[in-house]
Every structure is written in structure tokens, then in C-alpha cells.
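Dumped start16.pdb below, it's PDB, C-alpha atoms, pLDDT in the B column:
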ATOM      1  CA  MET A 173       0.000   0.000   0.000  1.00 76.00           C
ATOM      2  CA  LEU A 174       2.791   2.458   0.854  1.00 75.00           C
ATOM      3  CA  ALA A 175       4.505   1.697  -2.449  1.00 73.00           C
ATOM      4  CA  ALA A 176       1.365   2.753  -4.301  1.00 76.00           C
ATOM      5  CA  ASP A 177       0.578   5.652  -1.950  1.00 79.00           C
ATOM      6  CA  PRO A 178       3.530   6.834   0.187  1.00 74.00           C
ATOM      7  CA  GLY A 179       1.186   9.248   1.944  1.00 80.00           C
ATOM      8  CA  ALA A 180      -1.249   6.558   3.100  1.00 82.00           C
ATOM      9  CA  SER A 181      -2.588   7.202   6.572  1.00 84.00           C
ATOM     10  CA  ILE A 182      -2.303   4.818   9.506  1.00 86.00           C
ATOM     11  CA  ALA A 183      -6.094   4.391   9.333  1.00 87.00           C
ATOM     12  CA  ASN A 184      -5.885   3.340   5.675  1.00 87.00           C
ATOM     13  CA  ILE A 185      -2.941   1.027   6.360  1.00 86.00           C
ATOM     14  CA  ALA A 186      -4.809  -0.573   9.261  1.00 87.00           C
ATOM     15  CA  ALA A 187      -7.931  -1.025   7.158  1.00 89.00           C
ATOM     16  CA  GLU A 188      -5.906  -2.644   4.369  1.00 86.00           C
ATOM     17  CA  ALA A 189      -4.330  -4.987   6.937  1.00 84.00           C
ATOM     18  CA  GLY A 190      -7.750  -5.798   8.364  1.00 90.00           C
ATOM     19  CA  VAL A 191      -7.035  -4.408  11.823  1.00 91.00           C
ATOM     20  CA  ASP A 192      -8.097  -1.399  13.832  1.00 89.00           C
ATOM     21  CA  ARG A 193      -5.765   1.595  13.720  1.00 86.00           C
ATOM     22  CA  ARG A 194      -5.329   1.304  17.510  1.00 88.00           C
ATOM     23  CA  THR A 195      -3.691  -2.074  16.850  1.00 89.00           C
ATOM     24  CA  VAL A 196      -1.151  -0.391  14.590  1.00 86.00           C
ATOM     25  CA  TYR A 197      -0.545   2.370  17.154  1.00 88.00           C
ATOM     26  CA  ARG A 198       0.056  -0.233  19.890  1.00 89.00           C
ATOM     27  CA  ARG A 199       3.043  -1.471  17.911  1.00 89.00           C
ATOM     28  CA  PHE A 200       4.162   1.795  16.306  1.00 89.00           C
ATOM     29  CA  ALA A 201       3.952   5.110  18.154  1.00 88.00           C
ATOM     30  CA  SER A 202       3.772   7.078  14.915  1.00 85.00           C
ATOM     31  CA  ARG A 203       3.583   6.770  11.161  1.00 81.00           C
ATOM     32  CA  GLU A 204       7.304   7.562  11.076  1.00 82.00           C
ATOM     33  CA  ASP A 205       8.010   4.604  13.387  1.00 86.00           C
ATOM     34  CA  LEU A 206       6.027   2.338  11.062  1.00 85.00           C
ATOM     35  CA  LEU A 207       7.953   3.612   8.037  1.00 82.00           C
ATOM     36  CA  ALA A 208      11.252   3.167   9.881  1.00 83.00           C
ATOM     37  CA  ALA A 209      10.339  -0.456  10.666  1.00 86.00           C
ATOM     38  CA  ILE A 210       9.423  -1.099   7.031  1.00 85.00           C
ATOM     39  CA  HIS A 211      12.646   0.436   5.768  1.00 85.00           C
ATOM     40  CA  SER A 212      14.687  -1.472   8.342  1.00 88.00           C
ATOM     41  CA  ALA A 213      13.055  -4.733   7.241  1.00 90.00           C
ATOM     42  CA  ARG A 214      13.821  -3.928   3.591  1.00 90.00           C
ATOM     43  CA  LEU A 215      17.445  -3.158   4.430  1.00 91.00           C
ATOM     44  CA  ALA A 216      17.743  -6.420   6.378  1.00 94.00           C
ATOM     45  CA  ALA A 217      16.320  -8.304   3.391  1.00 95.00           C
ATOM     46  CA  ILE A 218      18.871  -6.619   1.100  1.00 95.00           C
ATOM     47  CA  GLU A 219      21.702  -7.485   3.487  1.00 96.00           C
ATOM     48  CA  ASN A 220      20.507 -11.107   3.594  1.00 97.00           C
ATOM     49  CA  ALA A 221      20.259 -11.196  -0.203  1.00 97.00           C
ATOM     50  CA  ILE A 222      23.855 -10.008  -0.506  1.00 97.00           C
ATOM     51  CA  GLU A 223      25.062 -12.514   2.070  1.00 97.00           C
ATOM     52  CA  ASP A 224      23.177 -15.365   0.389  1.00 98.00           C
ATOM     53  CA  ALA A 225      24.703 -14.500  -2.996  1.00 98.00           C
ATOM     54  CA  ARG A 226      28.200 -15.045  -1.538  1.00 97.00           C
ATOM     55  CA  LEU A 227      29.618 -12.194  -3.617  1.00 97.00           C
ATOM     56  CA  ARG A 228      33.135 -12.644  -2.281  1.00 96.00           C
ATOM     57  CA  GLU A 229      33.560 -16.387  -2.663  1.00 96.00           C
ATOM     58  CA  ALA A 230      31.093 -17.865  -5.167  1.00 97.00           C
ATOM     59  CA  PRO A 231      32.027 -18.018  -8.848  1.00 97.00           C
ATOM     60  CA  VAL A 232      31.288 -14.577 -10.284  1.00 96.00           C
ATOM     61  CA  ALA A 233      28.579 -15.633 -12.746  1.00 96.00           C
ATOM     62  CA  VAL A 234      26.807 -17.701 -10.083  1.00 97.00           C
ATOM     63  CA  ALA A 235      27.024 -14.917  -7.494  1.00 98.00           C
ATOM     64  CA  LEU A 236      25.752 -12.334  -9.989  1.00 98.00           C
ATOM     65  CA  HIS A 237      22.676 -14.361 -10.879  1.00 98.00           C
ATOM     66  CA  ARG A 238      21.954 -15.253  -7.250  1.00 98.00           C
ATOM     67  CA  TYR A 239      22.311 -11.610  -6.182  1.00 98.00           C
ATOM     68  CA  VAL A 240      20.015 -10.333  -8.948  1.00 98.00           C
ATOM     69  CA  GLU A 241      17.407 -13.030  -8.270  1.00 98.00           C
ATOM     70  CA  ASN A 242      17.484 -12.265  -4.534  1.00 98.00           C
ATOM     71  CA  ILE A 243      17.178  -8.500  -5.011  1.00 97.00           C
ATOM     72  CA  ILE A 244      14.288  -8.878  -7.452  1.00 97.00           C
ATOM     73  CA  ALA A 245      12.506 -10.933  -4.779  1.00 97.00           C
ATOM     74  CA  VAL A 246      13.279  -8.236  -2.172  1.00 95.00           C
ATOM     75  CA  ASN A 247      12.014  -5.497  -4.504  1.00 93.00           C
ATOM     76  CA  ARG A 248       8.755  -7.369  -4.976  1.00 93.00           C
ATOM     77  CA  THR A 249       8.320  -8.159  -1.285  1.00 92.00           C
ATOM     78  CA  TRP A 250       9.311  -4.686  -0.037  1.00 88.00           C
ATOM     79  CA  PRO A 251       8.384  -2.310  -2.908  1.00 85.00           C
ATOM     80  CA  VAL A 252       9.060   0.863  -0.932  1.00 80.00           C
ATOM     81  CA  ASP A 253      11.630   3.518  -1.736  1.00 72.00           C
ATOM     82  CA  LEU A 254      14.516   3.978   0.676  1.00 69.00           C
ATOM     83  CA  ALA A 255      15.236   7.528  -0.468  1.00 72.00           C
ATOM     84  CA  ARG A 256      13.043   9.058   2.253  1.00 67.00           C
ATOM     85  CA  MET A 257      14.894   7.203   4.984  1.00 68.00           C
ATOM     86  CA  LEU A 258      18.409   8.091   3.839  1.00 73.00           C
ATOM     87  CA  ALA A 259      18.326  11.185   6.022  1.00 72.00           C
ATOM     88  CA  ASP A 260      18.741   8.769   8.941  1.00 75.00           C
ATOM     89  CA  ASP A 261      22.482   8.220   9.471  1.00 82.00           C
ATOM     90  CA  GLY A 262      22.070   4.595  10.556  1.00 82.00           C
ATOM     91  CA  VAL A 263      19.949   3.679   7.553  1.00 83.00           C
ATOM     92  CA  ARG A 264      22.303   5.477   5.201  1.00 86.00           C
ATOM     93  CA  ALA A 265      25.327   3.712   6.715  1.00 90.00           C
ATOM     94  CA  ARG A 266      23.705   0.299   6.258  1.00 90.00           C
ATOM     95  CA  ARG A 267      22.696   1.116   2.688  1.00 89.00           C
ATOM     96  CA  ASP A 268      26.171   2.469   1.881  1.00 91.00           C
ATOM     97  CA  ALA A 269      27.785  -0.710   3.254  1.00 94.00           C
ATOM     98  CA  SER A 270      25.590  -2.797   0.944  1.00 94.00           C
ATOM     99  CA  VAL A 271      26.481  -0.585  -2.024  1.00 93.00           C
ATOM    100  CA  ARG A 272      30.198  -0.943  -1.250  1.00 95.00           C
ATOM    101  CA  GLU A 273      29.846  -4.727  -1.091  1.00 97.00           C
ATOM    102  CA  VAL A 274      28.160  -4.840  -4.507  1.00 97.00           C
ATOM    103  CA  ASP A 275      30.645  -2.365  -6.008  1.00 96.00           C
ATOM    104  CA  ALA A 276      33.547  -4.538  -4.802  1.00 96.00           C
ATOM    105  CA  PHE A 277      31.847  -7.556  -6.364  1.00 97.00           C
ATOM    106  CA  LEU A 278      31.385  -5.747  -9.682  1.00 96.00           C
ATOM    107  CA  GLN A 279      35.080  -4.804  -9.604  1.00 94.00           C
ATOM    108  CA  ARG A 280      35.847  -8.494  -9.050  1.00 96.00           C
ATOM    109  CA  ALA A 281      33.589  -9.361 -12.003  1.00 95.00           C
ATOM    110  CA  GLU A 282      35.601  -6.985 -14.200  1.00 93.00           C
ATOM    111  CA  GLU A 283      38.939  -8.286 -12.927  1.00 93.00           C
ATOM    112  CA  GLU A 284      37.867 -11.875 -13.617  1.00 94.00           C
ATOM    113  CA  GLY A 285      36.723 -10.980 -17.136  1.00 92.00           C
ATOM    114  CA  LEU A 286      32.948 -11.278 -16.775  1.00 93.00           C
ATOM    115  CA  LEU A 287      32.522  -7.537 -17.321  1.00 92.00           C
ATOM    116  CA  ARG A 288      34.650  -5.713 -19.829  1.00 87.00           C
ATOM    117  CA  PRO A 289      36.746  -2.754 -18.778  1.00 84.00           C
ATOM    118  CA  GLY A 290      36.054   0.553 -20.467  1.00 83.00           C
ATOM    119  CA  PRO A 291      32.726   1.964 -19.273  1.00 85.00           C
ATOM    120  CA  PRO A 292      33.055   4.843 -16.814  1.00 89.00           C
ATOM    121  CA  GLN A 293      33.898   3.902 -13.232  1.00 87.00           C
ATOM    122  CA  GLY A 294      30.702   2.969 -11.395  1.00 89.00           C
ATOM    123  CA  TRP A 295      28.588   2.496 -14.525  1.00 92.00           C
ATOM    124  CA  ALA A 296      27.783  -1.177 -13.829  1.00 93.00           C
ATOM    125  CA  GLY A 297      26.948  -0.283 -10.219  1.00 93.00           C
ATOM    126  CA  ALA A 298      24.543   2.411 -11.406  1.00 94.00           C
ATOM    127  CA  LEU A 299      23.005   0.314 -14.175  1.00 94.00           C
ATOM    128  CA  LEU A 300      22.415  -2.950 -12.309  1.00 96.00           C
ATOM    129  CA  PRO A 301      19.943  -1.574  -9.707  1.00 94.00           C
ATOM    130  CA  GLN A 302      17.980   0.132 -12.478  1.00 94.00           C
ATOM    131  CA  LEU A 303      17.734  -3.113 -14.438  1.00 96.00           C
ATOM    132  CA  MET A 304      16.631  -5.010 -11.320  1.00 96.00           C
ATOM    133  CA  HIS A 305      14.045  -2.348 -10.498  1.00 94.00           C
ATOM    134  CA  LEU A 306      12.678  -2.487 -14.034  1.00 95.00           C
ATOM    135  CA  ALA A 307      12.448  -6.281 -14.000  1.00 96.00           C
ATOM    136  CA  SER A 308      10.843  -6.226 -10.555  1.00 94.00           C
ATOM    137  CA  ARG A 309       8.100  -3.820 -11.584  1.00 91.00           C
ATOM    138  CA  GLN A 310       7.639  -4.307 -15.312  1.00 94.00           C
ATOM    139  CA  MET A 311       7.843  -8.105 -15.497  1.00 94.00           C
ATOM    140  CA  PRO A 312       5.605  -9.306 -12.648  1.00 93.00           C
ATOM    141  CA  ASP A 313       4.687 -12.502 -14.497  1.00 96.00           C
ATOM    142  CA  LEU A 314       8.296 -13.696 -14.494  1.00 97.00           C
ATOM    143  CA  SER A 315       9.599 -15.522 -11.452  1.00 97.00           C
ATOM    144  CA  PRO A 316      12.572 -13.869  -9.742  1.00 97.00           C
ATOM    145  CA  ALA A 317      14.833 -16.468 -11.391  1.00 97.00           C
ATOM    146  CA  GLN A 318      13.414 -15.761 -14.850  1.00 97.00           C
ATOM    147  CA  ALA A 319      13.639 -12.016 -14.319  1.00 97.00           C
ATOM    148  CA  ALA A 320      17.245 -12.467 -13.143  1.00 97.00           C
ATOM    149  CA  ASP A 321      17.992 -14.294 -16.397  1.00 97.00           C
ATOM    150  CA  VAL A 322      16.788 -11.245 -18.336  1.00 95.00           C
ATOM    151  CA  VAL A 323      18.689  -8.760 -16.167  1.00 96.00           C
ATOM    152  CA  VAL A 324      21.964 -10.706 -16.206  1.00 96.00           C
ATOM    153  CA  ASP A 325      21.738 -11.269 -19.959  1.00 94.00           C
ATOM    154  CA  THR A 326      21.081  -7.561 -20.536  1.00 93.00           C
ATOM    155  CA  LEU A 327      23.931  -6.514 -18.250  1.00 92.00           C
ATOM    156  CA  LEU A 328      26.436  -8.921 -19.786  1.00 91.00           C
ATOM    157  CA  ARG A 329      25.523  -8.228 -23.396  1.00 86.00           C
ATOM    158  CA  GLY A 330      25.841  -4.510 -22.729  1.00 78.00           C
ATOM    159  CA  LEU A 331      28.926  -4.688 -20.530  1.00 61.00           C
ATOM    160  CA  GLY A 332      30.126  -8.230 -21.163  1.00 62.00           C
ATOM    161  CA  ALA A 333      33.631  -9.127 -22.190  1.00 60.00           C
ATOM    162  CA  SER A 334      32.581 -10.640 -25.514  1.00 57.00           C
TER
END
Is it possible to give me this structure as C-alpha cells?
Amino acid sequence: MLAADPGASIANIAAEAGVDRRTVYRRFASREDLLAAIHSARLAAIENAIEDARLREAPVAVALHRYVENIIAVNRTWPVDLARMLADDGVRARRDASVREVDAFLQRAEEEGLLRPGPPQGWAGALLPQLMHLASRQMPDLSPAQAADVVVDTLLRGLGAS
């Protein structure tokens, strides 16, 4: 509901969840607390997706596909934008740590020859989230694995070594 209407009220959220708004307020003191909990859950899911992909130790092609598949699943489960929460230093630090982990992986992918050198520094790191977002939203009929196939193929044909 918040993905479709970021301004949704607690009353509307409660009604959509099938509970009384007092039930929501018993758990969350304010709308901001509810949003913080949602964003924290999304960040935790992203961190778990990165960990599960084993970006540092799995073969690069395997890790790339696993990461993309996991993030597409996260995007579909938690379709809220983190941009509003980045003013919070803790949230921003967690997000930045995840970005650094993925950037290091993409550097590894280039060093191991999966991605060709040449595009501007950071281009793959900027492009990959956009591709995953597009697949998450525009291809809802594809499973996360199928959508990951499309994203990885697009990334590698555009940035691939051959």
C-alpha cells in the first residue's frame, strides 16, 4: 500500500491490513516509526540477499545471478523507496555498506573478465539496480529467477567481455 501511496494514513494502512488503527498504534507510536520499521526490514532483506549471494567467494557468474534473483525478490516483497529514509544516518550507513559490497563484487567481475573494462567507473553499479528495479516492476509474471535471467543477460551483453 505504501509503495502505491507513500502518503497513506495509519487508518488506511490498518484497514488494508484488516485491523483497527489502535492495533497499529500499539506497535508503532507514529507513522514515522512504522515507516522506519518497514525500511529497516527492507534493508535487512537486502543485506541477507547479498550474504546469500556469496559475492566474495562464489564463482562470479553464479554470485551475480543469485544476487540479482534475490534483489528482485526483495524489490517485490518490499516495494518501498529507501530515499526518504536516507536522512537517517544509521539507515544510510547500512545502505552504503551494501552498495560498497556490490561495487567490490562488480570490480571483481571486471577483474575476472565477466565484465569488460572501459565503461566509466561505477557504470555497472549504477546500471544494475535500475535493471533489477525495471524487472521487478515491469515483469511481474516472471519468477525472480526468470527475471534475473533477463537482467543478467542484458547486463552482460551490454557490458560483457565478448
**Request:** Check the smallest atom-to-atom distance from each of A:Asp192, A:Glu219, A:Glu282, A:Glu241 to Asp321 (chain A) using all atoms listed in the file, then report the winner.
**Result:** A:Glu241
**Prompt:** Expanded to explicit residues, what is the PyMOL selection byres ((chain A and resi 251) around 12) for this file, as a list of chain:residue names?
**Reply:**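 That expression, the PyMOL selection byres ((chain A and resi 251) around 12), corresponds here to A:Met173, A:Leu174, A:Ala175, A:Ala176, A:Asp177, A:Pro178, A:Ile210, A:His211, A:Ala213, A:Arg214, A:Leu215, A:Ala217, A:Ile243, A:Ile244, A:Ala245, A:Val246, A:Asn247, A:Arg248, A:Thr249, A:Trp250, A:Val252, A:Asp253, A:Leu254, A:His305, A:Leu306, A:Ser308, A:Arg309.
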File of the preceding selection, C-alpha atoms, as a PDB file, in the frame of the given file:
ATOM      1  CA  MET A 173       0.000   0.000   0.000  1.00 76.00           C
ATOM      2  CA  LEU A 174       2.791   2.458   0.854  1.00 75.00           C
ATOM      3  CA  ALA A 175       4.505   1.697  -2.449  1.00 73.00           C
ATOM      4  CA  ALA A 176       1.365   2.753  -4.301  1.00 76.00           C
ATOM      5  CA  ASP A 177       0.578   5.652  -1.950  1.00 79.00           C
ATOM      6  CA  PRO A 178       3.530   6.834   0.187  1.00 74.00           C
ATOM      7  CA  ILE A 210       9.423  -1.099   7.031  1.00 85.00           C
ATOM      8  CA  HIS A 211      12.646   0.436   5.768  1.00 85.00           C
ATOM      9  CA  ALA A 213      13.055  -4.733   7.241  1.00 90.00           C
ATOM     10  CA  ARG A 214      13.821  -3.928   3.591  1.00 90.00           C
ATOM     11  CA  LEU A 215      17.445  -3.158   4.430  1.00 91.00           C
ATOM     12  CA  ALA A 217      16.320  -8.304   3.391  1.00 95.00           C
ATOM     13  CA  ILE A 243      17.178  -8.500  -5.011  1.00 97.00           C
ATOM     14  CA  ILE A 244      14.288  -8.878  -7.452  1.00 97.00           C
ATOM     15  CA  ALA A 245      12.506 -10.933  -4.779  1.00 97.00           C
ATOM     16  CA  VAL A 246      13.279  -8.236  -2.172  1.00 95.00           C
ATOM     17  CA  ASN A 247      12.014  -5.497  -4.504  1.00 93.00           C
ATOM     18  CA  ARG A 248       8.755  -7.369  -4.976  1.00 93.00           C
ATOM     19  CA  THR A 249       8.320  -8.159  -1.285  1.00 92.00           C
ATOM     20  CA  TRP A 250       9.311  -4.686  -0.037  1.00 88.00           C
ATOM     21  CA  VAL A 252       9.060   0.863  -0.932  1.00 80.00           C
ATOM     22  CA  ASP A 253      11.630   3.518  -1.736  1.00 72.00           C
ATOM     23  CA  LEU A 254      14.516   3.978   0.676  1.00 69.00           C
ATOM     24  CA  HIS A 305      14.045  -2.348 -10.498  1.00 94.00           C
ATOM     25  CA  LEU A 306      12.678  -2.487 -14.034  1.00 95.00           C
ATOM     26  CA  SER A 308      10.843  -6.226 -10.555  1.00 94.00           C
ATOM     27  CA  ARG A 309       8.100  -3.820 -11.584  1.00 91.00           C
TER      28      ARG A 309
END
**Prompt:** Which is closer to Ile222 (chain A) than all the others in A:Ile185, A:Leu207, A:Val196, A:Val274, using all atoms listed in the file?
**Reply:** A:Val274
**Request:** I need the residue set behind the PyMOL selection byres ((chain A and resi 267) around 12) for this file; please write it as a ChimeraX atom specification.
**Result:** /A:211-212,214-219,222,254-255,257-266,268-274
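Between CA of Arg280 (chain A) and CA of Ser315 (chain A) lies a distance of 27.3 Å.
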**Message:** Nearest residue to Ala201 (chain A) out of A:Ala230, A:Leu286, A:Leu236, A:Ile182, using only C-alpha atoms?
**Reply:** A:Ile182
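Minimum atom-to-atom distances from A:Ala180, A:Val232, A:Ala208, A:Val322 to Leu303 (chain A) were compared using all atoms listed in the file, and the lowest value belongs to A:Val322.
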**Nearby residues (only C-alpha atoms) at most 9 Å from Gly297 (chain A), same-chain spacing under 3 positions excluded, as a list in words** = Val271, Val274, Asp275, Leu278, Gln293, Gly294, Leu300 and Pro301 of chain A
**Request:** Take CA of Glu188 (chain A) and CA of Asn242 (chain A) and report the distance between them in Å, one decimal.
**Result:** 26.8 Å
**Message:** I'd like the interatomic distance between CA of Gln279 (chain A) and CA of Leu314 (chain A), to a tenth of an Å.
**Reply:**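 The value is 28.6 Å.
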Work out where the centre of an axis-aligned box around every listed atom of region 236-254 of chain A lies and how long its edges are once 6 Å is added on each side; give both in Å to one decimal as JSON.
{"center_x": 17.0, "center_y": -5.6, "center_z": -5.1, "size_x": 29.4, "size_y": 31.2, "size_z": 23.6}
